[in-house]
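What follows is upload-v9.txt (compact mmCIF, C-alpha atoms (C1' of nucleotides)).
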# COMPACT_ATOMS: atom_id res chain seq x y z
CA MET A 143 3.27 -39.12 5.75
CA ILE A 144 6.00 -37.91 3.45
CA LEU A 145 9.40 -37.60 5.05
CA VAL A 146 11.65 -37.12 2.04
CA THR A 147 12.19 -33.53 0.99
CA ASP A 148 9.86 -32.64 -1.81
CA PRO A 149 11.78 -30.09 -3.90
CA ARG A 150 8.53 -28.28 -4.62
CA TRP A 151 7.65 -27.57 -1.02
CA LEU A 152 9.35 -25.85 1.90
CA ASP A 153 10.81 -27.78 4.79
CA GLU A 154 10.03 -26.84 8.37
CA THR A 155 13.04 -24.56 8.76
CA GLN A 156 12.36 -22.73 5.52
CA GLN A 157 8.71 -22.22 6.30
CA CYS A 158 9.51 -20.92 9.75
CA THR A 159 12.20 -18.63 8.36
CA TRP A 160 9.83 -17.35 5.72
CA ARG A 161 7.10 -16.47 8.19
CA LYS A 162 9.55 -14.72 10.48
CA TYR A 163 11.06 -12.81 7.62
CA MET A 164 7.72 -11.62 6.26
CA SER A 165 6.50 -10.64 9.69
CA MET A 166 9.73 -8.84 10.45
CA HIS A 167 9.71 -6.85 7.26
CA ALA A 168 6.07 -5.86 7.55
CA GLN A 169 6.60 -4.56 11.06
CA LEU A 170 9.91 -2.89 10.31
CA ASN A 171 8.44 -1.13 7.34
CA ALA A 172 5.41 0.03 9.28
CA ARG A 173 7.64 1.30 12.06
CA LEU A 174 9.94 3.22 9.72
CA ASN A 175 6.96 4.78 8.00
CA ARG A 176 5.40 5.85 11.26
CA GLN A 177 8.65 7.27 12.56
CA LEU A 178 9.24 9.29 9.40
CA GLN A 179 5.64 10.45 9.28
CA ALA A 180 5.60 11.51 12.91
CA ASP A 181 9.00 13.23 12.94
CA SER A 182 9.12 14.75 9.48
CA ASN A 183 5.74 14.39 7.83
CA LEU A 184 7.30 12.27 5.08
CA SER A 185 6.54 8.75 3.98
CA LEU A 186 9.26 6.24 3.19
CA SER A 187 8.37 6.69 -0.47
CA ASP A 188 8.71 10.45 -0.26
CA PHE A 189 12.08 9.88 1.33
CA GLU A 190 13.28 7.58 -1.41
CA VAL A 191 12.29 10.03 -4.11
CA LEU A 192 14.04 12.87 -2.32
CA VAL A 193 17.19 10.76 -1.96
CA GLN A 194 17.26 10.27 -5.71
CA LEU A 195 17.13 14.02 -6.15
CA THR A 196 19.79 14.87 -3.59
CA ASP A 197 22.04 12.11 -4.97
CA ASN A 198 22.24 14.11 -8.18
CA PRO A 199 24.35 17.29 -7.95
CA SER A 200 21.87 19.26 -10.07
CA ASN A 201 18.92 18.25 -7.85
CA LYS A 202 17.01 17.63 -11.03
CA VAL A 203 16.40 14.24 -12.58
CA ARG A 204 14.36 12.87 -15.44
CA MET A 205 11.30 10.97 -14.28
CA PHE A 206 12.17 7.78 -16.08
CA GLU A 207 15.56 7.74 -14.36
CA VAL A 208 13.94 7.93 -10.95
CA ALA A 209 11.52 5.20 -11.97
CA GLN A 210 14.40 2.99 -13.07
CA ALA A 211 16.47 3.63 -9.97
CA LEU A 212 13.62 2.88 -7.58
CA ARG A 213 12.08 0.23 -9.86
CA TRP A 214 8.75 1.93 -9.60
CA GLU A 215 6.05 1.73 -12.22
CA LYS A 216 5.86 4.95 -14.12
CA SER A 217 2.26 5.47 -13.10
CA ARG A 218 3.17 5.07 -9.47
CA LEU A 219 5.85 7.71 -9.83
CA SER A 220 3.50 10.01 -11.68
CA HIS A 221 0.83 9.75 -8.99
CA HIS A 222 3.35 10.11 -6.21
CA LEU A 223 5.01 13.16 -7.69
CA ALA A 224 1.64 14.80 -8.14
CA ARG A 225 1.07 14.47 -4.40
CA MET A 226 4.60 15.61 -3.54
CA GLN A 227 4.27 18.58 -5.85
CA LYS A 228 1.00 19.56 -4.21
CA ARG A 229 2.90 19.62 -0.91
CA GLY A 230 5.68 21.71 -2.39
CA LEU A 231 8.45 19.13 -2.05
CA VAL A 232 9.27 18.98 -5.75
CA SER A 233 8.41 20.79 -8.93
CA ARG A 234 8.32 19.81 -12.56
CA GLU A 235 10.22 21.22 -15.50
CA GLY A 236 10.05 20.40 -19.19
CA CYS A 237 12.95 18.77 -21.01
CA PRO A 238 14.35 20.78 -23.93
CA SER A 239 15.96 17.85 -25.70
CA ASP A 240 12.92 15.59 -25.54
CA ALA A 241 9.56 17.28 -25.66
CA ARG A 242 7.82 14.27 -24.08
CA GLY A 243 10.08 14.24 -21.08
CA ALA A 244 9.95 15.98 -17.73
CA PHE A 245 12.52 16.84 -15.12
CA ILE A 246 11.61 16.63 -11.52
CA VAL A 247 13.29 19.27 -9.40
CA LEU A 248 14.01 19.43 -5.68
CA THR A 249 12.50 22.56 -4.15
CA PRO A 250 14.05 24.36 -1.17
CA GLU A 251 11.29 22.95 1.01
CA GLY A 252 12.03 19.48 -0.31
CA ARG A 253 15.68 19.91 0.59
CA LYS A 254 14.78 21.17 4.01
CA ALA A 255 12.44 18.25 4.56
CA ILE A 256 14.95 15.54 3.74
CA GLU A 257 17.78 17.23 5.59
CA GLU A 258 15.67 17.30 8.71
CA ALA A 259 14.34 13.79 8.21
CA ALA A 260 17.52 11.93 7.33
CA PRO A 261 19.38 11.85 10.64
CA GLN A 262 16.46 10.52 12.65
CA HIS A 263 15.54 8.05 9.98
CA VAL A 264 19.05 6.69 9.67
CA GLU A 265 19.34 6.49 13.42
CA THR A 266 16.14 4.45 13.58
CA VAL A 267 17.42 2.05 10.93
CA ARG A 268 20.71 1.73 12.76
CA ARG A 269 19.05 1.08 16.08
CA LEU A 270 16.49 -1.43 14.85
CA VAL A 271 18.59 -3.26 12.31
CA PHE A 272 22.36 -2.84 12.36
CA GLU A 273 22.99 -2.37 16.04
CA GLY A 274 21.83 -5.92 16.69
CA LEU A 275 23.76 -7.63 13.91
CA THR A 276 27.37 -8.76 13.65
CA GLU A 277 29.44 -7.77 10.65
CA GLU A 278 29.09 -11.28 9.38
CA GLN A 279 25.31 -11.23 9.63
CA VAL A 280 25.27 -7.96 7.72
CA GLY A 281 27.45 -9.55 5.08
CA VAL A 282 25.10 -12.50 4.73
CA LEU A 283 22.13 -10.15 4.52
CA ALA A 284 23.82 -8.35 1.66
CA THR A 285 24.71 -11.49 -0.31
CA THR A 286 21.29 -12.98 0.36
CA SER A 287 19.61 -9.84 -0.96
CA GLU A 288 21.88 -9.90 -4.00
CA GLU A 289 21.07 -13.50 -4.73
CA ILE A 290 17.33 -12.88 -4.59
CA LEU A 291 17.68 -9.74 -6.71
CA LYS A 292 19.59 -11.80 -9.25
CA ARG A 293 16.80 -14.35 -9.40
CA LEU A 294 14.15 -11.66 -9.70
CA ALA A 295 16.06 -10.07 -12.57
CA ALA A 296 16.59 -13.42 -14.27
CA GLU A 297 12.87 -14.11 -14.36
CA GLU A 298 11.92 -10.66 -15.58
CA ASP A 299 9.34 -11.13 -18.29
CA MET B 443 36.51 14.37 6.36
CA ILE B 444 35.46 12.09 9.17
CA LEU B 445 37.03 8.65 9.09
CA VAL B 446 36.14 7.31 12.51
CA THR B 447 32.87 5.45 12.72
CA ASP B 448 30.14 7.71 13.97
CA PRO B 449 27.84 5.42 15.94
CA ARG B 450 24.87 7.44 14.82
CA TRP B 451 25.41 6.94 11.11
CA LEU B 452 25.78 3.98 8.80
CA ASP B 453 29.09 2.94 7.34
CA GLU B 454 29.48 2.24 3.64
CA THR B 455 28.79 -1.49 3.95
CA GLN B 456 25.71 -0.98 6.06
CA GLN B 457 24.29 1.65 3.75
CA CYS B 458 24.89 -0.52 0.72
CA THR B 459 23.35 -3.52 2.45
CA TRP B 460 20.35 -1.48 3.47
CA ARG B 461 19.65 -0.23 -0.03
CA LYS B 462 19.98 -3.71 -1.48
CA TYR B 463 17.75 -5.16 1.16
CA MET B 464 15.01 -2.59 0.70
CA SER B 465 15.14 -2.88 -3.07
CA MET B 466 15.09 -6.66 -2.87
CA HIS B 467 12.11 -6.79 -0.59
CA ALA B 468 10.09 -4.29 -2.57
CA GLN B 469 10.62 -6.23 -5.77
CA LEU B 470 10.09 -9.62 -4.19
CA ASN B 471 6.87 -8.47 -2.64
CA ALA B 472 5.61 -6.99 -5.87
CA ARG B 473 6.49 -10.17 -7.71
CA LEU B 474 4.74 -12.43 -5.22
CA ASN B 475 1.67 -10.24 -5.33
CA ARG B 476 1.55 -10.27 -9.10
CA GLN B 477 2.04 -14.02 -9.26
CA LEU B 478 -0.74 -14.69 -6.77
CA GLN B 479 -3.05 -12.20 -8.44
CA ALA B 480 -2.45 -13.60 -11.90
CA ASP B 481 -2.67 -17.28 -10.96
CA SER B 482 -5.33 -17.24 -8.27
CA ASN B 483 -6.90 -13.81 -8.12
CA LEU B 484 -5.70 -13.41 -4.54
CA SER B 485 -3.46 -10.79 -2.99
CA LEU B 486 -0.70 -11.66 -0.55
CA SER B 487 -2.90 -10.18 2.18
CA ASP B 488 -5.85 -12.35 1.18
CA PHE B 489 -3.51 -15.31 1.31
CA GLU B 490 -2.27 -14.50 4.79
CA VAL B 491 -5.79 -14.16 6.13
CA LEU B 492 -6.82 -17.46 4.56
CA VAL B 493 -3.76 -19.17 6.07
CA GLN B 494 -4.89 -18.03 9.51
CA LEU B 495 -8.27 -19.62 8.90
CA THR B 496 -6.95 -22.91 7.54
CA ASP B 497 -4.41 -23.11 10.36
CA ASN B 498 -7.33 -23.42 12.76
CA PRO B 499 -9.16 -26.77 12.64
CA SER B 500 -12.56 -25.12 12.97
CA ASN B 501 -11.86 -22.73 10.06
CA LYS B 502 -13.34 -20.02 12.20
CA VAL B 503 -11.35 -17.46 14.16
CA ARG B 504 -12.10 -14.36 16.16
CA MET B 505 -11.13 -11.19 14.36
CA PHE B 506 -8.88 -9.91 17.10
CA GLU B 507 -6.94 -13.17 17.02
CA VAL B 508 -6.26 -12.79 13.33
CA ALA B 509 -5.26 -9.19 13.90
CA GLN B 510 -2.83 -10.25 16.62
CA ALA B 511 -1.35 -13.09 14.61
CA LEU B 512 -0.75 -10.94 11.54
CA ARG B 513 -0.03 -7.80 13.58
CA TRP B 514 -2.53 -5.90 11.53
CA GLU B 515 -4.39 -2.87 12.76
CA LYS B 516 -7.95 -3.79 13.52
CA SER B 517 -9.28 -1.27 11.03
CA ARG B 518 -7.11 -2.76 8.33
CA LEU B 519 -8.50 -6.20 9.05
CA SER B 520 -12.04 -4.87 9.14
CA HIS B 521 -11.67 -3.19 5.74
CA HIS B 522 -9.92 -6.18 4.26
CA LEU B 523 -12.50 -8.66 5.48
CA ALA B 524 -15.28 -6.52 4.07
CA ARG B 525 -13.68 -6.84 0.65
CA MET B 526 -13.01 -10.56 1.06
CA GLN B 527 -16.57 -11.12 2.19
CA LYS B 528 -17.87 -9.29 -0.86
CA ARG B 529 -15.90 -11.73 -2.98
CA GLY B 530 -17.28 -14.69 -1.06
CA LEU B 531 -13.97 -15.85 0.45
CA VAL B 532 -15.06 -15.52 4.06
CA SER B 533 -18.21 -14.87 6.03
CA ARG B 534 -18.91 -13.38 9.44
CA GLU B 535 -20.61 -14.90 12.44
CA GLY B 536 -21.51 -13.41 15.80
CA CYS B 537 -19.82 -14.59 18.98
CA PRO B 538 -22.21 -15.99 21.62
CA SER B 539 -19.89 -15.51 24.58
CA ASP B 540 -18.98 -11.91 23.75
CA ALA B 541 -21.66 -9.86 22.08
CA ARG B 542 -19.10 -7.38 20.73
CA GLY B 543 -17.08 -10.05 19.02
CA ALA B 544 -17.23 -11.58 15.58
CA PHE B 545 -15.96 -14.82 14.13
CA ILE B 546 -14.63 -14.87 10.65
CA VAL B 547 -15.38 -18.11 8.84
CA LEU B 548 -13.73 -19.73 5.84
CA THR B 549 -16.27 -20.37 3.08
CA PRO B 550 -15.98 -23.31 0.67
CA GLU B 551 -14.91 -20.86 -2.03
CA GLY B 552 -12.28 -19.48 0.31
CA ARG B 553 -10.95 -22.96 0.93
CA LYS B 554 -10.92 -23.70 -2.76
CA ALA B 555 -9.09 -20.45 -3.47
CA ILE B 556 -6.25 -21.05 -1.04
CA GLU B 557 -5.90 -24.71 -1.92
CA GLU B 558 -5.43 -23.76 -5.53
CA ALA B 559 -3.17 -20.82 -4.77
CA ALA B 560 -0.83 -22.37 -2.21
CA PRO B 561 1.24 -24.75 -4.34
CA GLN B 562 2.12 -22.16 -6.96
CA HIS B 563 2.78 -19.52 -4.36
CA VAL B 564 5.05 -21.74 -2.31
CA GLU B 565 6.86 -22.84 -5.43
CA THR B 566 7.49 -19.20 -6.36
CA VAL B 567 8.89 -18.46 -2.91
CA ARG B 568 11.07 -21.55 -3.09
CA ARG B 569 12.38 -20.68 -6.53
CA LEU B 570 13.06 -17.00 -5.85
CA VAL B 571 14.31 -17.26 -2.29
CA PHE B 572 15.33 -20.62 -0.91
CA GLU B 573 16.68 -22.31 -4.00
CA GLY B 574 19.52 -19.80 -4.15
CA LEU B 575 20.49 -19.91 -0.48
CA THR B 576 22.62 -22.31 1.52
CA GLU B 577 21.31 -23.79 4.74
CA GLU B 578 23.60 -21.48 6.60
CA GLN B 579 22.32 -18.39 4.83
CA VAL B 580 18.78 -19.43 5.65
CA GLY B 581 19.81 -19.85 9.27
CA VAL B 582 21.29 -16.36 9.35
CA LEU B 583 18.18 -14.94 7.72
CA ALA B 584 16.11 -16.50 10.49
CA THR B 585 18.26 -15.26 13.37
CA THR B 586 18.56 -11.83 11.76
CA SER B 587 14.79 -11.59 11.44
CA GLU B 588 14.40 -12.70 15.04
CA GLU B 589 16.84 -10.10 16.25
CA ILE B 590 15.05 -7.30 14.45
CA LEU B 591 11.68 -8.56 15.66
CA LYS B 592 13.04 -8.53 19.19
CA ARG B 593 14.13 -4.92 18.82
CA LEU B 594 10.81 -3.91 17.32
CA ALA B 595 8.99 -5.55 20.21
CA ALA B 596 11.29 -3.95 22.77
CA GLU B 597 10.49 -0.45 21.49
CA GLU B 598 6.75 -1.01 21.31
CA ASP B 599 5.12 2.04 22.78
C1' DC C 1459 8.88 11.62 -46.42
C1' DC C 1460 5.64 8.80 -44.06
C1' DC C 1461 3.98 5.44 -41.24
C1' DA C 1462 4.58 1.90 -37.65
C1' DA C 1463 6.46 0.91 -33.50
C1' DG C 1464 8.40 2.45 -29.30
C1' DT C 1465 8.97 5.57 -25.25
C1' DG C 1466 7.87 9.24 -21.60
C1' DG C 1467 4.42 10.50 -19.02
C1' DT C 1468 -0.72 11.12 -17.43
C1' DT C 1469 -5.19 9.63 -16.05
C1' DG C 1470 -9.12 7.01 -13.91
C1' DA C 1471 -10.73 3.13 -11.56
C1' DC C 1472 -10.11 0.25 -8.04
C1' DG C 1473 -7.92 -2.43 -4.22
C1' DT C 1474 -5.12 -1.52 -0.19
C1' DG C 1475 -3.28 0.65 4.46
C1' DT C 1476 -3.52 4.26 8.18
C1' DC C 1477 -5.53 7.44 11.27
C1' DA C 1478 -9.10 9.28 13.97
C1' DT C 1479 -13.45 8.66 15.53
C1' DC C 1480 -17.41 6.13 16.77
C1' DT C 1481 -20.56 2.26 18.56
C1' DA C 1482 -21.52 -1.28 21.57
C1' DC C 1483 -20.44 -4.14 24.94
C1' DA C 1484 -17.39 -5.92 29.03
C1' DA C 1485 -14.86 -5.47 33.20
C1' DA C 1486 -13.00 -3.06 37.03
C1' DA C 1487 -13.36 0.54 40.46
C1' DT C 1488 -15.95 3.08 43.63
C1' DA D 300 -25.47 -0.23 41.32
C1' DT D 301 -23.18 3.25 38.90
C1' DT D 302 -19.45 5.09 36.80
C1' DT D 303 -15.23 4.72 34.63
C1' DT D 304 -12.10 2.48 31.74
C1' DG D 305 -11.03 -0.82 28.36
C1' DT D 306 -11.82 -3.80 24.28
C1' DA D 307 -14.04 -5.61 19.68
C1' DG D 308 -15.12 -4.03 15.69
C1' DA D 309 -17.00 -0.59 11.97
C1' DT D 310 -16.61 3.58 9.37
C1' DG D 311 -15.06 7.69 6.58
C1' DA D 312 -11.41 10.26 4.85
C1' DC D 313 -7.33 10.16 2.73
C1' DA D 314 -2.57 8.45 1.08
C1' DC D 315 -0.69 4.79 -1.59
C1' DG D 316 0.04 1.09 -5.59
C1' DT D 317 -1.43 -1.36 -9.81
C1' DC D 318 -3.53 -1.97 -14.06
C1' DA D 319 -5.21 -0.61 -18.40
C1' DA D 320 -5.93 2.81 -21.43
C1' DC D 321 -4.48 6.92 -23.29
C1' DC D 322 -1.78 11.13 -25.45
C1' DA D 323 2.19 13.17 -27.31
C1' DC D 324 6.36 12.83 -29.05
C1' DT D 325 10.52 10.13 -31.07
C1' DT D 326 12.61 6.81 -33.84
C1' DG D 327 13.53 3.62 -37.32
C1' DG D 328 12.20 1.33 -41.30
C1' DG D 329 10.05 1.48 -45.89
How does this structure look as structure tokens?
Amino acid sequence: MILVTDPRWLDETQQCTWRKYMSMHAQLNARLNRQLQADSNLSLSDFEVLVQLTDNPSNKVRMFEVAQALRWEKSRLSHHLARMQKRGLVSREGCPSDARGAFIVLTPEGRKAIEEAAPQHVETVRRLVFEGLTEEQVGVLATTSEEILKRLAAEED
Amino acid sequence: MILVTDPRWLDETQQCTWRKYMSMHAQLNARLNRQLQADSNLSLSDFEVLVQLTDNPSNKVRMFEVAQALRWEKSRLSHHLARMQKRGLVSREGCPSDARGAFIVLTPEGRKAIEEAAPQHVETVRRLVFEGLTEEQVGVLATTSEEILKRLAAEED
DNA sequence: CCCAAGTGGTTGACGTGTCATCTACAAAAT
DNA sequence: ATTTTGTAGATGACACGTCAACCACTTGGG
């Protein structure tokens, strides 16, 4: 029986925290997806793409910029946009200054969709997450996320 | 311009925290999946199922118990087990006391797979997550996860 | 100018997750 | 005993994500 802390393993607290965290996120994510889908016929991914478009005043962004912002693989974005385009949420437009490139453009329906979806979605996030946390807990969540992001970035191949 | 805090929206800090959190989790998850896949040819989901089996001394668990423990939809588990069975990681066995039921059984290959995968996986989690956090931050992560889990459970339809 | 290397984006194959529906059996109600 | 209701699990259709390979264009040496 080993009682000293092996630096290569997780202690009881860490393991328990890890399981709770993973379970929490999986369920939270599933819930948010279901809520969005049921109320607005959008997935969380659709929502994130639309946010990128509305964040930009021209409602028109280069694909690679969206991919960078969301840290999506380009093929994922390509597939996803194809589906969103088929549903009329976005359209594509060539880029004059770089013949390879493509703009993705928010359509009126896309705008309508996110404007209808946002309030309920945000309210769900607020109710499930922030309503139950103190300011300090929110602060720790932010710094914790930052720290992990830093480590992920540092190990980028 | 509204300066008072609207209880139905998120303030700047919350919104920023939320975006960081979501981005962090998405990347962390992707990284863990890639690491497992590359080193052990397992997905995170495979891993979680195998953990359920090794957690039980008989290495044999009823499907609905796994589904409950992981909070997976039964159809998801059914599909996933079909794929795992095809790869030889688990096998199925009828249940004598309930003719509808099925046991899922860890095969020797399944045991070998998780025993090889676990150390590297745990080390990756430790390095990316726990190494950078203080004990207190870990504690807050645990209580935060618990709080959100509580709220998810409370709203269960 | 030309060619090699890089970048923006697409495609196909395949594993994964959800929903709705279905079967077979079990348990409770009448 | 029969009928209803519920539960365990499978299945098919479809949305989603990743990987590897690809095409078209750009860029940066020679």
With 8 Å as the limit and counting all atoms listed in the file, what residues in chain D lie close to chain B? Please list them as a PyMOL selection string. chain D and resi 307-309
Find the nearest atom pair between each residue of chain C and chain B for residues within 7 Å, count only C-alpha atoms (C1' of nucleotides), give distances in Å to one decimal, sort rows by chain and ascending number, and present the table as JSON lines.
{"residue": "C:DG1475", "atom": "C1'", "partner": "B:Arg518", "partner_atom": "CA", "distance": 6.4}
{"residue": "C:DA1482", "atom": "C1'", "partner": "B:Arg542", "partner_atom": "CA", "distance": 6.6}
{"residue": "C:DC1483", "atom": "C1'", "partner": "B:Arg542", "partner_atom": "CA", "distance": 5.5}
Residues of chain A within 6 Å of chain B, counting only C-alpha atoms - could you list those as a list in words? Arg150, Thr159, Tyr163, Met166, Glu265, Leu270, Val271, Ala284, Ser287, Ile290, Leu291 and Arg293 of chain A
Mind giving me the straight-line distance from atom CA of B:Gly530 to atom C1' of C:DT1474 in Å, one decimal?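 We find that atom CA of B:Gly530 and atom C1' of C:DT1474 lie 17.9 Å from each other.
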Quick one: distance from atom CA of B:Ile556 to atom CA of B:Val491 in Å, one decimal?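 Between atom CA of B:Ile556 and atom CA of B:Val491 the gap is 10.0 Å.
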Pairwise distance, atom CA of A:Ala180 with atom CA of B:Ala524, equals 29.0 Å
Edge lengths and centre in Å to one decimal, as JSON, of the axis-aligned box that encloses all listed atoms of stretch 312-329 of chain D with 8 Å added on every side?
{"center_x": 1.1, "center_y": 5.6, "center_z": -20.5, "size_x": 40.9, "size_y": 31.1, "size_z": 66.7}
As an MDAnalysis selection string, please: the residues near D:DA319 (cut-off 12 Å, all atoms listed in the file, same-chain neighbours under 4 positions excluded). (chainID A and resid 217) or (chainID C and resid 1469:1472)
Could you list, as a ChimeraX atom specification, every residue within 12 Å of D:DT302, counting all atoms listed in the file and ignoring same-chain residues fewer than 5 positions away? /C:1486-1488
Residues as selected, C-alpha atoms (C1' of nucleotides), written as an mmCIF file, in the frame of the given file, can you do that?
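File part08.cif, as written:
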data_model
loop_
_atom_site.group_PDB
_atom_site.id
_atom_site.type_symbol
_atom_site.label_atom_id
_atom_site.label_comp_id
_atom_site.auth_asym_id
_atom_site.auth_seq_id
_atom_site.Cartn_x
_atom_site.Cartn_y
_atom_site.Cartn_z
ATOM 1 C "C1'" DA C 1486 -13.000 -3.060 37.030
ATOM 2 C "C1'" DA C 1487 -13.360 0.540 40.460
ATOM 3 C "C1'" DT C 1488 -15.950 3.080 43.630
#
Skipping near chain neighbours, those fewer than 2 positions away, what residues fall within 12 Å of A:Lys202 using all atoms listed in the file, listed as a list of chain:residue names?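 In the requested form, the answer reads A:Val191, A:Leu192, A:Val193, A:Gln194, A:Leu195, A:Thr196, A:Asp197, A:Asn198, A:Pro199, A:Ser200, A:Arg204, A:Met205, A:Glu207, A:Val208, A:Val232, A:Ser233, A:Arg234, A:Glu235, A:Gly236, A:Cys237, A:Ala244, A:Phe245, A:Ile246, A:Val247, A:Leu248, A:Thr249, A:Gly252, A:Arg253.
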